[in-house]
>>> print(open('structure-v3.cif').read())   # mmCIF, C-alpha atoms
data_upload
#
loop_
_atom_site.label_atom_id
_atom_site.label_comp_id
_atom_site.auth_asym_id
_atom_site.auth_seq_id
_atom_site.Cartn_x
_atom_site.Cartn_y
_atom_site.Cartn_z
CA MET A 1 -59.91 116.03 -148.49
CA ARG A 2 -62.52 113.70 -149.97
CA ARG A 3 -63.17 110.30 -148.42
CA LEU A 4 -63.19 107.10 -150.44
CA ILE A 5 -66.06 104.77 -149.50
CA VAL A 6 -66.70 101.22 -150.63
CA PHE A 7 -70.39 100.29 -150.84
CA ASN A 8 -71.07 96.66 -151.65
CA HIS A 9 -73.57 93.91 -151.06
CA ILE A 10 -72.09 90.56 -150.09
CA SER A 11 -73.62 87.14 -149.64
CA LEU A 12 -73.30 85.31 -146.33
CA ASP A 13 -70.42 83.40 -147.87
CA GLY A 14 -68.62 86.66 -148.60
CA TYR A 15 -69.14 87.17 -152.34
CA PHE A 16 -69.98 90.52 -153.96
CA THR A 17 -70.72 88.79 -157.28
CA ASP A 18 -71.50 85.22 -158.18
CA GLU A 19 -69.02 83.29 -160.31
CA ASN A 20 -70.40 84.92 -163.49
CA ASN A 21 -69.91 88.49 -162.19
CA ASP A 22 -73.65 88.64 -161.63
CA MET A 23 -74.78 90.89 -158.77
CA SER A 24 -78.49 90.22 -159.09
CA PHE A 25 -78.53 88.30 -155.80
CA ALA A 26 -78.48 91.73 -154.20
CA ARG A 27 -81.87 92.75 -155.51
CA ASN A 28 -84.28 93.53 -152.71
CA PRO A 29 -85.16 90.06 -151.35
CA ARG A 30 -88.65 91.18 -150.28
CA PRO A 31 -90.68 94.39 -150.14
CA ASP A 32 -89.36 96.70 -147.41
CA ALA A 33 -90.22 100.40 -147.38
CA GLU A 34 -87.42 101.18 -144.93
CA TRP A 35 -84.88 99.56 -147.21
CA ASP A 36 -86.28 101.44 -150.22
CA ALA A 37 -85.89 104.71 -148.32
CA PHE A 38 -82.30 103.82 -147.44
CA VAL A 39 -81.47 103.08 -151.09
CA SER A 40 -83.12 106.29 -152.30
CA GLY A 41 -81.21 108.24 -149.65
CA ASN A 42 -77.95 106.75 -150.87
CA ALA A 43 -78.84 107.51 -154.47
CA GLY A 44 -79.62 111.09 -153.49
CA SER A 45 -76.14 111.81 -152.22
CA GLY A 46 -73.61 113.32 -154.59
CA GLY A 47 -70.01 112.39 -155.11
CA THR A 48 -68.00 110.58 -157.71
CA LEU A 49 -68.42 106.90 -158.54
CA VAL A 50 -65.28 104.82 -158.99
CA PHE A 51 -65.25 101.54 -160.93
CA GLY A 52 -63.00 98.84 -162.27
CA ARG A 53 -63.63 97.68 -165.82
CA VAL A 54 -65.83 94.66 -165.07
CA THR A 55 -68.29 96.52 -162.86
CA TYR A 56 -68.20 99.56 -165.16
CA GLU A 57 -69.25 97.45 -168.14
CA LEU A 58 -72.04 95.85 -166.11
CA MET A 59 -73.35 99.23 -164.92
CA ALA A 60 -72.90 100.95 -168.29
CA SER A 61 -74.93 98.23 -169.98
CA PHE A 62 -77.89 98.73 -167.65
CA TRP A 63 -78.33 102.22 -166.20
CA PRO A 64 -78.58 104.19 -169.46
CA THR A 65 -81.32 101.86 -170.80
CA SER A 66 -85.03 102.53 -170.85
CA MET A 67 -85.48 99.38 -168.73
CA ALA A 68 -83.51 100.98 -165.91
CA ALA A 69 -85.43 104.23 -166.32
CA GLU A 70 -88.70 102.34 -165.94
CA GLN A 71 -87.69 100.00 -163.11
CA MET A 72 -85.69 102.38 -160.90
CA PRO A 73 -86.14 105.91 -162.26
CA ASP A 74 -84.58 107.78 -159.29
CA VAL A 75 -81.51 105.61 -159.06
CA ALA A 76 -81.04 105.51 -162.85
CA GLU A 77 -81.20 109.29 -163.10
CA ARG A 78 -78.51 109.65 -160.42
CA MET A 79 -76.29 106.89 -161.78
CA ASN A 80 -76.32 108.51 -165.20
CA SER A 81 -75.80 112.09 -164.02
CA LEU A 82 -73.09 111.49 -161.41
CA GLN A 83 -69.42 111.88 -162.27
CA LYS A 84 -67.82 108.49 -162.87
CA VAL A 85 -64.23 107.30 -163.15
CA VAL A 86 -63.31 103.88 -164.52
CA PHE A 87 -59.84 102.41 -164.11
CA SER A 88 -58.82 100.08 -166.93
CA ARG A 89 -55.70 99.32 -168.89
CA THR A 90 -57.67 97.60 -171.67
CA LEU A 91 -60.64 99.90 -172.35
CA ASP A 92 -60.08 102.52 -175.05
CA ILE A 93 -63.33 104.44 -175.00
CA VAL A 94 -66.13 104.94 -172.50
CA SER A 95 -69.59 105.74 -173.79
CA TRP A 96 -71.58 106.14 -170.54
CA GLN A 97 -72.22 109.82 -169.92
CA ASN A 98 -70.06 111.72 -167.41
CA THR A 99 -67.42 108.98 -167.34
CA ARG A 100 -63.68 109.52 -167.36
CA LEU A 101 -61.31 106.70 -168.29
CA VAL A 102 -58.03 106.44 -166.37
CA LYS A 103 -55.41 104.03 -167.68
CA SER A 104 -52.53 105.04 -165.42
CA ASP A 105 -51.53 104.15 -161.88
CA LEU A 106 -54.61 103.55 -159.74
CA ALA A 107 -53.24 104.50 -156.32
CA HIS A 108 -51.56 107.65 -157.64
CA GLU A 109 -54.75 108.85 -159.30
CA ILE A 110 -56.90 108.10 -156.23
CA ARG A 111 -54.47 110.00 -153.98
CA LYS A 112 -54.76 112.97 -156.33
CA MET A 113 -58.56 112.75 -156.46
CA LYS A 114 -58.77 112.61 -152.67
CA GLN A 115 -56.98 115.96 -152.48
CA GLU A 116 -59.61 117.62 -154.68
CA SER A 117 -62.59 119.37 -153.16
CA GLY A 118 -66.06 117.92 -153.51
CA GLU A 119 -68.22 115.19 -152.13
CA ASP A 120 -67.06 111.70 -151.21
CA MET A 121 -66.05 109.11 -153.78
CA VAL A 122 -67.87 105.77 -153.78
CA ILE A 123 -66.74 102.43 -155.19
CA PHE A 124 -69.42 99.88 -156.13
CA GLY A 125 -68.46 96.31 -156.99
CA SER A 126 -64.97 96.46 -158.51
CA GLY A 127 -63.27 93.80 -156.41
CA SER A 128 -59.84 94.16 -157.95
CA ILE A 129 -59.88 97.92 -157.34
CA VAL A 130 -61.03 97.49 -153.74
CA SER A 131 -58.33 94.98 -152.85
CA GLN A 132 -55.58 97.10 -154.46
CA LEU A 133 -56.72 100.28 -152.72
CA ALA A 134 -57.12 98.46 -149.38
CA ARG A 135 -53.49 97.35 -149.63
CA GLU A 136 -52.51 100.98 -150.15
CA ASN A 137 -54.62 102.08 -147.15
CA LEU A 138 -56.68 104.38 -149.36
CA ILE A 139 -60.16 103.16 -148.36
CA ASP A 140 -61.72 105.33 -145.64
CA GLU A 141 -64.88 103.33 -145.04
CA TYR A 142 -66.46 100.03 -146.04
CA GLN A 143 -70.26 100.01 -146.14
CA ILE A 144 -71.14 96.34 -146.46
CA VAL A 145 -74.68 95.02 -146.84
CA VAL A 146 -74.78 91.34 -145.86
CA ASP A 147 -77.65 89.84 -147.84
CA PRO A 148 -79.51 86.83 -146.38
CA VAL A 149 -78.32 84.58 -149.16
CA VAL A 150 -75.72 81.89 -149.81
CA LEU A 151 -74.22 81.72 -153.31
CA GLY A 152 -71.77 78.79 -153.01
CA LYS A 153 -69.31 80.35 -155.45
CA GLY A 154 -68.29 83.84 -156.38
CA ARG A 155 -65.70 86.58 -156.02
CA THR A 156 -64.73 88.41 -152.84
CA MET A 157 -63.74 92.05 -152.99
CA PHE A 158 -60.67 91.29 -150.87
CA ASP A 159 -59.11 88.78 -153.23
CA GLY A 160 -55.37 89.23 -153.31
CA THR A 161 -55.19 90.55 -149.75
CA LYS A 162 -51.88 89.15 -148.54
CA GLU A 163 -52.12 89.64 -144.81
CA LYS A 164 -54.85 89.74 -142.21
CA ARG A 165 -56.43 93.19 -141.84
CA THR A 166 -58.39 94.29 -138.80
CA LEU A 167 -61.16 96.85 -139.20
CA LYS A 168 -63.28 98.84 -136.80
CA LEU A 169 -67.08 98.38 -136.79
CA VAL A 170 -68.42 101.93 -136.65
CA ARG A 171 -72.12 101.53 -137.45
CA SER A 172 -74.67 98.83 -138.12
CA ARG A 173 -78.32 98.50 -139.03
CA THR A 174 -80.64 95.68 -139.99
CA PHE A 175 -83.69 95.76 -142.24
CA ASN A 176 -86.90 93.75 -142.32
CA ASN A 177 -85.95 92.32 -145.69
CA GLY A 178 -83.07 90.53 -143.95
CA ASN A 179 -80.26 92.79 -145.11
CA ALA A 180 -77.67 93.79 -142.49
CA LEU A 181 -75.60 96.94 -143.06
CA LEU A 182 -72.18 96.78 -141.38
CA CYS A 183 -69.89 99.82 -141.69
CA TYR A 184 -66.18 99.62 -140.98
CA GLU A 185 -63.19 101.92 -140.95
CA PRO A 186 -59.61 100.74 -141.24
CA ARG A 187 -57.85 100.45 -137.91
CA GLU A 188 -54.91 102.81 -137.40
CA THR A 189 -52.37 100.26 -136.17
CA MET B 1 -87.27 67.09 -131.70
CA ARG B 2 -83.83 68.64 -131.22
CA ARG B 3 -82.71 71.56 -133.32
CA LEU B 4 -79.40 71.61 -135.19
CA ILE B 5 -77.59 74.95 -134.90
CA VAL B 6 -74.46 76.11 -136.69
CA PHE B 7 -72.32 78.52 -134.67
CA ASN B 8 -69.35 79.98 -136.54
CA HIS B 9 -67.19 83.04 -136.74
CA ILE B 10 -66.52 84.32 -140.23
CA SER B 11 -64.24 87.01 -141.57
CA LEU B 12 -65.67 89.91 -143.57
CA ASP B 13 -64.59 88.00 -146.69
CA GLY B 14 -66.69 85.03 -145.61
CA TYR B 15 -64.11 82.54 -144.28
CA PHE B 16 -64.57 80.46 -141.13
CA THR B 17 -60.91 79.39 -141.25
CA ASP B 18 -57.88 80.79 -142.98
CA GLU B 19 -56.23 78.75 -145.73
CA ASN B 20 -54.38 76.65 -143.10
CA ASN B 21 -57.58 75.69 -141.23
CA ASP B 22 -56.57 78.19 -138.55
CA MET B 23 -59.49 79.82 -136.68
CA SER B 24 -57.39 82.04 -134.43
CA PHE B 25 -58.58 85.17 -136.28
CA ALA B 26 -61.75 84.71 -134.21
CA ARG B 27 -60.07 85.33 -130.90
CA ASN B 28 -61.56 88.31 -129.11
CA PRO B 29 -60.16 91.27 -131.08
CA ARG B 30 -60.20 93.55 -128.02
CA PRO B 31 -61.36 93.40 -124.39
CA ASP B 32 -65.16 93.50 -124.21
CA ALA B 33 -67.00 92.38 -121.06
CA GLU B 34 -70.31 92.10 -122.91
CA TRP B 35 -68.74 89.77 -125.46
CA ASP B 36 -67.14 87.69 -122.69
CA ALA B 37 -70.55 87.32 -121.04
CA PHE B 38 -72.08 86.24 -124.35
CA VAL B 39 -69.37 83.58 -124.84
CA SER B 40 -69.73 82.30 -121.28
CA GLY B 41 -73.51 82.12 -121.73
CA ASN B 42 -73.04 80.06 -124.88
CA ALA B 43 -70.55 77.79 -123.13
CA GLY B 44 -73.04 77.35 -120.29
CA SER B 45 -75.73 75.87 -122.49
CA GLY B 46 -75.94 72.12 -122.86
CA GLY B 47 -76.44 70.08 -125.95
CA THR B 48 -74.33 67.91 -128.19
CA LEU B 49 -71.44 69.21 -130.27
CA VAL B 50 -71.14 67.99 -133.86
CA PHE B 51 -67.88 68.11 -135.82
CA GLY B 52 -66.25 67.05 -139.03
CA ARG B 53 -62.79 65.53 -138.79
CA VAL B 54 -60.70 68.64 -139.42
CA THR B 55 -62.39 70.76 -136.77
CA TYR B 56 -62.56 67.81 -134.37
CA GLU B 57 -58.79 67.31 -134.57
CA LEU B 58 -58.21 71.03 -134.02
CA MET B 59 -60.48 71.13 -130.98
CA ALA B 60 -59.27 67.79 -129.56
CA SER B 61 -55.68 69.02 -129.70
CA PHE B 62 -56.47 72.12 -127.64
CA TRP B 63 -59.35 71.84 -125.19
CA PRO B 64 -58.07 68.89 -123.12
CA THR B 65 -54.68 70.61 -122.54
CA SER B 66 -53.56 72.46 -119.43
CA MET B 67 -53.07 75.55 -121.61
CA ALA B 68 -56.80 75.61 -122.39
CA ALA B 69 -57.63 75.03 -118.72
CA GLU B 70 -55.52 78.03 -117.77
CA GLN B 71 -56.55 80.38 -120.56
CA MET B 72 -60.30 79.67 -120.71
CA PRO B 73 -61.22 77.46 -117.74
CA ASP B 74 -65.03 77.74 -118.07
CA VAL B 75 -65.14 77.05 -121.77
CA ALA B 76 -62.55 74.24 -121.53
CA GLU B 77 -64.53 72.49 -118.81
CA ARG B 78 -67.68 72.62 -120.91
CA MET B 79 -66.00 71.59 -124.15
CA ASN B 80 -64.50 68.55 -122.46
CA SER B 81 -67.62 67.49 -120.57
CA LEU B 82 -70.21 67.97 -123.33
CA GLN B 83 -71.27 65.06 -125.53
CA LYS B 84 -69.51 65.22 -128.90
CA VAL B 85 -70.04 63.48 -132.22
CA VAL B 86 -67.45 63.48 -134.99
CA PHE B 87 -68.25 62.40 -138.54
CA SER B 88 -65.30 60.91 -140.39
CA ARG B 89 -64.68 58.07 -142.79
CA THR B 90 -60.93 58.10 -142.12
CA LEU B 91 -60.62 58.34 -138.32
CA ASP B 92 -60.44 55.01 -136.48
CA ILE B 93 -60.30 56.10 -132.85
CA VAL B 94 -61.26 59.22 -130.94
CA SER B 95 -59.43 60.01 -127.73
CA TRP B 96 -61.20 63.21 -126.59
CA GLN B 97 -63.52 62.39 -123.71
CA ASN B 98 -67.27 62.01 -124.36
CA THR B 99 -66.78 61.73 -128.10
CA ARG B 100 -68.55 59.30 -130.40
CA LEU B 101 -67.18 58.53 -133.86
CA VAL B 102 -69.70 58.04 -136.69
CA LYS B 103 -68.41 56.69 -139.97
CA SER B 104 -71.72 56.07 -141.70
CA ASP B 105 -74.15 58.28 -143.61
CA LEU B 106 -74.09 61.81 -142.20
CA ALA B 107 -77.63 62.93 -143.08
CA HIS B 108 -79.18 59.66 -141.89
CA GLU B 109 -77.43 59.87 -138.52
CA ILE B 110 -78.33 63.53 -138.02
CA ARG B 111 -82.00 62.83 -138.82
CA LYS B 112 -81.94 60.07 -136.19
CA MET B 113 -80.22 62.29 -133.61
CA LYS B 114 -82.75 65.07 -134.18
CA GLN B 115 -85.53 62.68 -133.18
CA GLU B 116 -83.88 61.98 -129.82
CA SER B 117 -84.80 63.98 -126.76
CA GLY B 118 -82.32 66.40 -125.22
CA GLU B 119 -80.90 69.83 -125.80
CA ASP B 120 -79.99 71.32 -129.16
CA MET B 121 -77.05 70.12 -131.23
CA VAL B 122 -74.40 72.64 -132.23
CA ILE B 123 -71.90 72.49 -135.09
CA PHE B 124 -68.68 74.52 -134.78
CA GLY B 125 -66.38 74.95 -137.75
CA SER B 126 -66.76 71.82 -139.89
CA GLY B 127 -67.38 73.44 -143.26
CA SER B 128 -67.85 70.22 -145.19
CA ILE B 129 -70.46 69.02 -142.69
CA VAL B 130 -72.32 72.33 -142.76
CA SER B 131 -72.55 72.46 -146.53
CA GLN B 132 -73.73 68.83 -146.78
CA LEU B 133 -76.37 69.28 -144.07
CA ALA B 134 -77.52 72.58 -145.58
CA ARG B 135 -78.13 70.79 -148.88
CA GLU B 136 -80.27 68.26 -147.02
CA ASN B 137 -82.20 71.06 -145.27
CA LEU B 138 -81.16 69.75 -141.85
CA ILE B 139 -79.78 73.00 -140.38
CA ASP B 140 -82.37 74.82 -138.24
CA GLU B 141 -80.37 77.95 -137.45
CA TYR B 142 -77.13 79.65 -138.43
CA GLN B 143 -75.54 81.79 -135.72
CA ILE B 144 -72.83 83.70 -137.55
CA VAL B 145 -70.40 86.08 -135.88
CA VAL B 146 -68.92 88.42 -138.49
CA ASP B 147 -65.51 89.40 -137.14
CA PRO B 148 -64.05 92.80 -138.13
CA VAL B 149 -61.22 91.21 -140.04
CA VAL B 150 -60.24 90.44 -143.64
CA LEU B 151 -58.24 87.25 -144.26
CA GLY B 152 -57.71 87.31 -148.04
CA LYS B 153 -57.86 83.54 -148.34
CA GLY B 154 -59.63 80.75 -146.50
CA ARG B 155 -62.52 78.30 -146.53
CA THR B 156 -66.22 79.11 -146.50
CA MET B 157 -68.62 76.82 -144.69
CA PHE B 158 -70.90 76.82 -147.74
CA ASP B 159 -68.37 75.41 -150.17
CA GLY B 160 -70.06 72.95 -152.51
CA THR B 161 -73.43 74.73 -152.32
CA LYS B 162 -74.79 74.26 -155.82
CA GLU B 163 -77.65 76.71 -155.93
CA LYS B 164 -78.46 80.04 -154.35
CA ARG B 165 -80.11 79.68 -150.92
CA THR B 166 -82.14 82.40 -149.28
CA LEU B 167 -82.22 82.62 -145.49
CA LYS B 168 -84.28 84.62 -143.01
CA LEU B 169 -82.52 87.03 -140.64
CA VAL B 170 -84.15 86.35 -137.27
CA ARG B 171 -81.88 88.13 -134.79
CA SER B 172 -78.82 90.35 -134.71
CA ARG B 173 -76.55 92.00 -132.19
CA THR B 174 -73.30 93.93 -132.31
CA PHE B 175 -70.55 94.14 -129.73
CA ASN B 176 -68.05 96.84 -128.80
CA ASN B 177 -65.19 94.62 -129.90
CA GLY B 178 -66.52 94.91 -133.46
CA ASN B 179 -68.13 91.49 -133.73
CA ALA B 180 -71.60 91.33 -135.30
CA LEU B 181 -73.84 88.35 -134.54
CA LEU B 182 -76.29 87.57 -137.34
CA CYS B 183 -78.73 84.68 -136.84
CA TYR B 184 -80.60 83.10 -139.74
CA GLU B 185 -83.13 80.37 -140.30
CA PRO B 186 -83.65 78.62 -143.60
CA ARG B 187 -86.55 79.97 -145.62
CA GLU B 188 -89.42 77.56 -146.18
CA THR B 189 -89.78 78.02 -149.91
#
>>> encode(input="structure-v3.cif", output="structure tokens")
Amino acid sequence: MRRLIVFNHISLDGYFTDENNDMSFARNPRPDAEWDAFVSGNAGSGGTLVFGRVTYELMASFWPTSMAAEQMPDVAERMNSLQKVVFSRTLDIVSWQNTRLVKSDLAHEIRKMKQESGEDMVIFGSGSIVSQLARENLIDEYQIVVDPVVLGKGRTMFDGTKEKRTLKLVRSRTFNNGNALLCYEPRET
Amino acid sequence: MRRLIVFNHISLDGYFTDENNDMSFARNPRPDAEWDAFVSGNAGSGGTLVFGRVTYELMASFWPTSMAAEQMPDVAERMNSLQKVVFSRTLDIVSWQNTRLVKSDLAHEIRKMKQESGEDMVIFGSGSIVSQLARENLIDEYQIVVDPVVLGKGRTMFDGTKEKRTLKLVRSRTFNNGNALLCYEPRET
């Protein structure tokens, strides 16, 4: 059974994007070789990427470009070659390579995908997907990077959560650039 | 010159209170002697407490009660005996012992208080005060406890922040109960 992991940067006020769906606050705040190694290690792992429409469109407009290939060649190569699934009721076609569009029931499809063999599935961004899957108890781990930044306004990935949820802190790590990685699993209660 | 420190618990979605100004999510999620020692150490330090009206009323309705004295005797004793300042344009009297009401300009008064001798000043809760003082660059340190909990809705202490602010992570610590303490200073840029 494959695990479903959420990997997101958040600001200190809890936002994974600013109010314009911009995630550029999460760019490396200052040079840090240890952080760069961590990012490359993440990019080197396999698995399937899972997106909602908004994050998909953001990613699909950047990673296939020559700008991405020049700025972050390793990550761009992986982002383009990995299997991707985008959930959207409104999209009709997807042009980014290795992407599959799913228009049907999100939770049903994720349950099916989790039964398949293969490496873990990872969600980036995609707040509406995260909050829906959290409600269905389908997220196995949250890998949250708290960036040393305050945005003032933005979107949280837990919007729409109706009741308080308690998680279990399973791992943590801080970096010289000021990022703090906090990893949580849902609590079985 | 006295430093001004913000100490707040936040949920993983960035809220220091839920949508009803309730901070009870921040109660110790599970027994943890190391956490208890950390809290007692904090309560043992001196200094002046600084509040906005909403948090003041919450605190003033709890800490002087016999329930507080029974449940958390050490902390209650300190909360009652410490010097407190509440900023409010609407309050007319304050009944909690050792409390001074300030109705005039917040930033001006804080600048004056920072010049006085004595131990550090600490803000709990008080989102509107935090965001105003952050804009005036009057906060010297943010001590943020990220609790392993998702609330879905609530208030951030940085509401009203107009532009992105970058901070410097200066210290961090995690506890077995799942709390993660992240301490930041403003960046001088």
>>> residues_around(input="structure-v3.cif", residues="A:Leu151", least_positions_apart="3", cutoff="10 Å", atoms="only C-alpha atoms", output="PDB file with C-alpha atoms, in the frame of the given file")
ATOM      1  CA  ILE A  10     -72.090  90.560-150.090  1.00  0.00           C
ATOM      2  CA  SER A  11     -73.620  87.140-149.640  1.00  0.00           C
ATOM      3  CA  LEU A  12     -73.300  85.310-146.330  1.00  0.00           C
ATOM      4  CA  ASP A  13     -70.420  83.400-147.870  1.00  0.00           C
ATOM      5  CA  GLY A  14     -68.620  86.660-148.600  1.00  0.00           C
ATOM      6  CA  TYR A  15     -69.140  87.170-152.340  1.00  0.00           C
ATOM      7  CA  PHE A  16     -69.980  90.520-153.960  1.00  0.00           C
ATOM      8  CA  THR A  17     -70.720  88.790-157.280  1.00  0.00           C
ATOM      9  CA  ASP A  18     -71.500  85.220-158.180  1.00  0.00           C
ATOM     10  CA  GLU A  19     -69.020  83.290-160.310  1.00  0.00           C
ATOM     11  CA  PHE A  25     -78.530  88.300-155.800  1.00  0.00           C
ATOM     12  CA  GLY A 154     -68.290  83.840-156.380  1.00  0.00           C
TER      13      GLY A 154
ATOM     14  CA  PHE B 158     -70.900  76.820-147.740  1.00  0.00           C
ATOM     15  CA  ASP B 159     -68.370  75.410-150.170  1.00  0.00           C
ATOM     16  CA  GLY B 160     -70.060  72.950-152.510  1.00  0.00           C
ATOM     17  CA  THR B 161     -73.430  74.730-152.320  1.00  0.00           C
ATOM     18  CA  LYS B 162     -74.790  74.260-155.820  1.00  0.00           C
ATOM     19  CA  GLU B 163     -77.650  76.710-155.930  1.00  0.00           C
ATOM     20  CA  LYS B 164     -78.460  80.040-154.350  1.00  0.00           C
ATOM     21  CA  ARG B 165     -80.110  79.680-150.920  1.00  0.00           C
ATOM     22  CA  THR B 166     -82.140  82.400-149.280  1.00  0.00           C
TER      23      THR B 166
END
>>> residues_around(input="structure-v3.cif", residues="B:Leu181", least_positions_apart="2", cutoff="12 Å", atoms="only C-alpha atoms", output="number ranges by chain")
A: 146, 172-174, 180, 182; B: 7-11, 35, 38-39, 142-148, 169-179, 183-184
>>> atom_distance(input="structure-v3.cif", atom1="atom CA of B:Asn28", atom2="atom CA of B:Ala68")
15.1 Å
>>> atom_distance(input="structure-v3.cif", atom1="atom CA of A:Arg3", atom2="atom CA of A:Lys114")
6.5 Å
>>> resolve_selection(input="structure-v3.cif", expression="the PyMOL selection byres ((chain A and resi 57) around 12)", output="JSON, numbers by chain")
{"A": [21, 22, 51, 52, 53, 54, 55, 56, 58, 59, 60, 61, 62, 63, 64, 86, 87, 88, 91, 93, 94, 95, 96, 99, 125, 126]}
>>> closest_residue(input="structure-v3.cif", among="A:Met72, A:Leu138, A:Val6, A:Val150", to="chain B", atoms="only C-alpha atoms")
A:Val150
>>> closest_residue(input="structure-v3.cif", among="B:Gly127, B:Gly41, B:Gly152, B:Gly46", to="chain A", atoms="all atoms listed in the file")
B:Gly152
>>> closest_residue(input="structure-v3.cif", among="B:Ala33, B:Val149, B:Ala76, B:Leu106", to="chain A", atoms="all atoms listed in the file")
B:Val149
>>> build_atoms(input="structure-v3.cif", residues="stretch 124-130 of chain A", atoms="all heavy atoms", output="PDB file, keeping the file's coordinate frame")
ATOM      1  N   PHE A 124     -68.490 101.021-156.138  1.00  0.00           N
ATOM      2  CA  PHE A 124     -69.420  99.880-156.130  1.00  0.00           C
ATOM      3  C   PHE A 124     -68.718  98.700-156.790  1.00  0.00           C
ATOM      4  O   PHE A 124     -67.994  98.882-157.783  1.00  0.00           O
ATOM      5  CB  PHE A 124     -70.664 100.166-156.987  1.00  0.00           C
ATOM      6  CG  PHE A 124     -71.568 101.225-156.449  1.00  0.00           C
ATOM      7  CD1 PHE A 124     -71.998 102.256-157.267  1.00  0.00           C
ATOM      8  CD2 PHE A 124     -72.018 101.193-155.142  1.00  0.00           C
ATOM      9  CE1 PHE A 124     -72.858 103.235-156.794  1.00  0.00           C
ATOM     10  CE2 PHE A 124     -72.875 102.162-154.662  1.00  0.00           C
ATOM     11  CZ  PHE A 124     -73.289 103.184-155.480  1.00  0.00           C
ATOM     12  N   GLY A 125     -69.009  97.502-156.331  1.00  0.00           N
ATOM     13  CA  GLY A 125     -68.460  96.310-156.990  1.00  0.00           C
ATOM     14  C   GLY A 125     -66.944  96.391-157.037  1.00  0.00           C
ATOM     15  O   GLY A 125     -66.285  96.670-156.038  1.00  0.00           O
ATOM     16  N   SER A 126     -66.368  96.122-158.241  1.00  0.00           N
ATOM     17  CA  SER A 126     -64.970  96.460-158.510  1.00  0.00           C
ATOM     18  C   SER A 126     -63.989  95.840-157.533  1.00  0.00           C
ATOM     19  O   SER A 126     -63.142  96.507-156.938  1.00  0.00           O
ATOM     20  CB  SER A 126     -64.805  97.990-158.523  1.00  0.00           C
ATOM     21  OG  SER A 126     -65.758  98.585-159.359  1.00  0.00           O
ATOM     22  N   GLY A 127     -64.098  94.513-157.376  1.00  0.00           N
ATOM     23  CA  GLY A 127     -63.270  93.800-156.410  1.00  0.00           C
ATOM     24  C   GLY A 127     -61.782  94.034-156.565  1.00  0.00           C
ATOM     25  O   GLY A 127     -61.069  94.217-155.578  1.00  0.00           O
ATOM     26  N   SER A 128     -61.294  94.039-157.792  1.00  0.00           N
ATOM     27  CA  SER A 128     -59.840  94.160-157.950  1.00  0.00           C
ATOM     28  C   SER A 128     -59.364  95.543-157.530  1.00  0.00           C
ATOM     29  O   SER A 128     -58.276  95.689-156.974  1.00  0.00           O
ATOM     30  CB  SER A 128     -59.439  93.872-159.406  1.00  0.00           C
ATOM     31  OG  SER A 128     -60.001  94.846-160.249  1.00  0.00           O
ATOM     32  N   ILE A 129     -60.200  96.547-157.758  1.00  0.00           N
ATOM     33  CA  ILE A 129     -59.880  97.920-157.340  1.00  0.00           C
ATOM     34  C   ILE A 129     -59.893  98.017-155.815  1.00  0.00           C
ATOM     35  O   ILE A 129     -58.990  98.606-155.199  1.00  0.00           O
ATOM     36  CB  ILE A 129     -60.931  98.898-157.924  1.00  0.00           C
ATOM     37  CG1 ILE A 129     -60.935  98.845-159.444  1.00  0.00           C
ATOM     38  CG2 ILE A 129     -60.709 100.305-157.415  1.00  0.00           C
ATOM     39  CD1 ILE A 129     -59.777  99.507-160.080  1.00  0.00           C
ATOM     40  N   VAL A 130     -60.914  97.432-155.208  1.00  0.00           N
ATOM     41  CA  VAL A 130     -61.030  97.490-153.740  1.00  0.00           C
ATOM     42  C   VAL A 130     -59.815  96.854-153.079  1.00  0.00           C
ATOM     43  O   VAL A 130     -59.205  97.440-152.178  1.00  0.00           O
ATOM     44  CB  VAL A 130     -62.322  96.797-153.252  1.00  0.00           C
ATOM     45  CG1 VAL A 130     -62.332  96.682-151.729  1.00  0.00           C
ATOM     46  CG2 VAL A 130     -63.560  97.549-153.722  1.00  0.00           C
TER      47      VAL A 130
END
